[in-house]
Amino acid sequence: MNSECFRLAERLVDKTYVQQAGQARQALTNQIRTLLEHRKWPEEGWEESAVEFLLHELALMDSNNFPGNCGVGEREARMASGLVERRHFRLGHGIGRSGDISAIQPKAAGSSLLNRLANIFALDVIKLAGVRAAAACVLVPVATGMGIVLCLLTLRHQRPQAKYVLWPRIDQKSCFKAIKTAGFEPVVIENRLEGDELRTDLAAVEDKLQALGPDNVLCVYSTTSCFAPRVPDRLEELAELCKKYDVPHIINNAYGVQSSKCMHLIQQACRVGRVDAFIQSTDKNFMVPVGGSIIAGPDERFITEISKMYPGRASASPSIDLFITLLTLGRSGYKKLLAERKEMFQYLSSELSRVAEEKGERLLKTPHNPISMAMSLSAGAAGHVGKDLTQLGAMLFTRCVSGTRVVAPGSDKDISGHTFRNFGAHYDNYPCAYLTAAAAVGMTKTDVDVFIKRLGKVLGKSKNRTDNTEDSSATVGELQEKDSEEPQANTFDSSDEG
């Protein structure tokens, strides 16, 4: 309703009431005007009613919602289900055009505007988190692994003769498969064991650059966020090597936005050496459904080339989800979440250390990993040896504890023709078995307390177990269900990161 509609409404309803309603409506309109005028992620989060109002206004800007619209094309944002239509706020055209995922759609001004704002918010949050060197970003409707594939395929056009990707080992399948999917040959750089930590072997990286020849190397593909006892790669030194040999540098920053330490490493790498792009997951950093990633970098031209690499239009769902979430949180709300995550990391670390000491284990010393931590597991921790240790992970999972990893020596895995010894450990011969846990954004003190309580019970149960029988009358609600069958691998992973 515009001012004329409110004036006419005064003929039907008391003028005072109508004016009050008009002022409330004007306040919402002013909020939207400020957002469009400043084109910045707002400091304070919006009320959900205001966000819904804006989404409704944006939807009315798309042609499928025009009164009397007659669509005679093959793609007219028709939705057969009203439930689906409401789920997507009647924004059915998606984002981008056939030649560029960032392009404006003539039939979808509202969806295009929402996508532009979502990308503005994404760049603002990356700078807020610590990478001020970021010049541009693009929000793509694929998870981190496929986002990395887009980066590698874009580099192919710049370096058509290159066929190798140098990759410090990180035992997560999607990271490795991204290289193979893009059609390149992975060169796995084994990590160095320094104390309890697994760190980048810089000498091995430089040796491979020299042996293969820089022109034959597509890029160095490094990692920040990872499972302990591996820690973030030595990004500054890798960036300096890439600058020295004129080789591109791609960084997997999957859940690193929530960590000031990971973001500081990227900022410093951009400052002292070469970084072409870094990729982060939307669901892991911003608590939205799986399906999106943000590709950012210090060179706006390269990010533009990546956006042009995506074939065809794309789903707007990740853009809508991120837009709603960041607009609801505001800068202050997200900063609060980051501060709370740091507190939970310290709390989880102290509690896990305590229970480890009580059970005759220890918290591995991994000070360079700001998100994940690991606790040693001796053979006695499960009452057996070898792969039976992974029963601990299964026992926790049946007790509604998700996200842990139990890694025991002895499991080799073939992935796309490459054999990894002791897959899951990031290293061929790590000296002990261990269990990992991560303090990720959104974790609460209750999560930590319940995990520690259930872990303590499981460790006590497995240490004292003399047979495989338990009370068959127990219920899931009582967290006393019988152990699941022994897994057929030496790594039990409920983290969804295998």
# chains A, B, ... in the order shown; residues from 1 in each chain; ligands from 1
$ select_by_dssp --residues "range 65-102 of chain A" --states "helix (DSSP H, G or I)" --output "list in words"
Asn65, Gly82, Leu83, Val84, Glu85, Arg86 and Arg87 of chain A
$ residues_around --residues "Ser372 in chain A" --least-positions-apart "5" --cutoff "7 Å" --atoms "only C-alpha atoms" --output "ChimeraX atom specification"
/A:227-228,436-439
$ residues_around --residues "Thr224 in chain A" --least-positions-apart "5" --cutoff "10 Å" --atoms "only C-alpha atoms" --output "list in words"
Arg230, Val231, Pro232, Asp233, Arg234, Leu235, Ile251, Asn252, Asn253, Ala254, Tyr255, Gly256, Val257, Ser259, Lys261, Cys262, Met263, Leu265, Ile266, Phe278, Asn369 and Pro370 of chain A
$ closest_atom_pairs --of "range 54-103 of chain A" --to "range 140-159 of chain A" --cutoff "10 Å" --atoms "only C-alpha atoms" --output "Markdown table"
| residue | atom | partner | partner_atom | distance |
| --- | --- | --- | --- | --- |
| A:Ile95 | CA | A:Pro141 | CA | 9.5 |
| A:Ile101 | CA | A:Val140 | CA | 7.9 |
| A:Ser102 | CA | A:Val140 | CA | 9.3 |
$ residues_around --residues "Gln20 in chain A" --least-positions-apart "6" --cutoff "12 Å" --atoms "only C-alpha atoms" --output "list in words"
Phe6, Glu10, Val13, Asp14, Gln26 and Ala27 of chain A
$ closest_residue --among "A:Ser315, A:Ser350, A:Thr200, A:Ser378" --to "Arg169 in chain A" --atoms "only C-alpha atoms"
A:Thr200
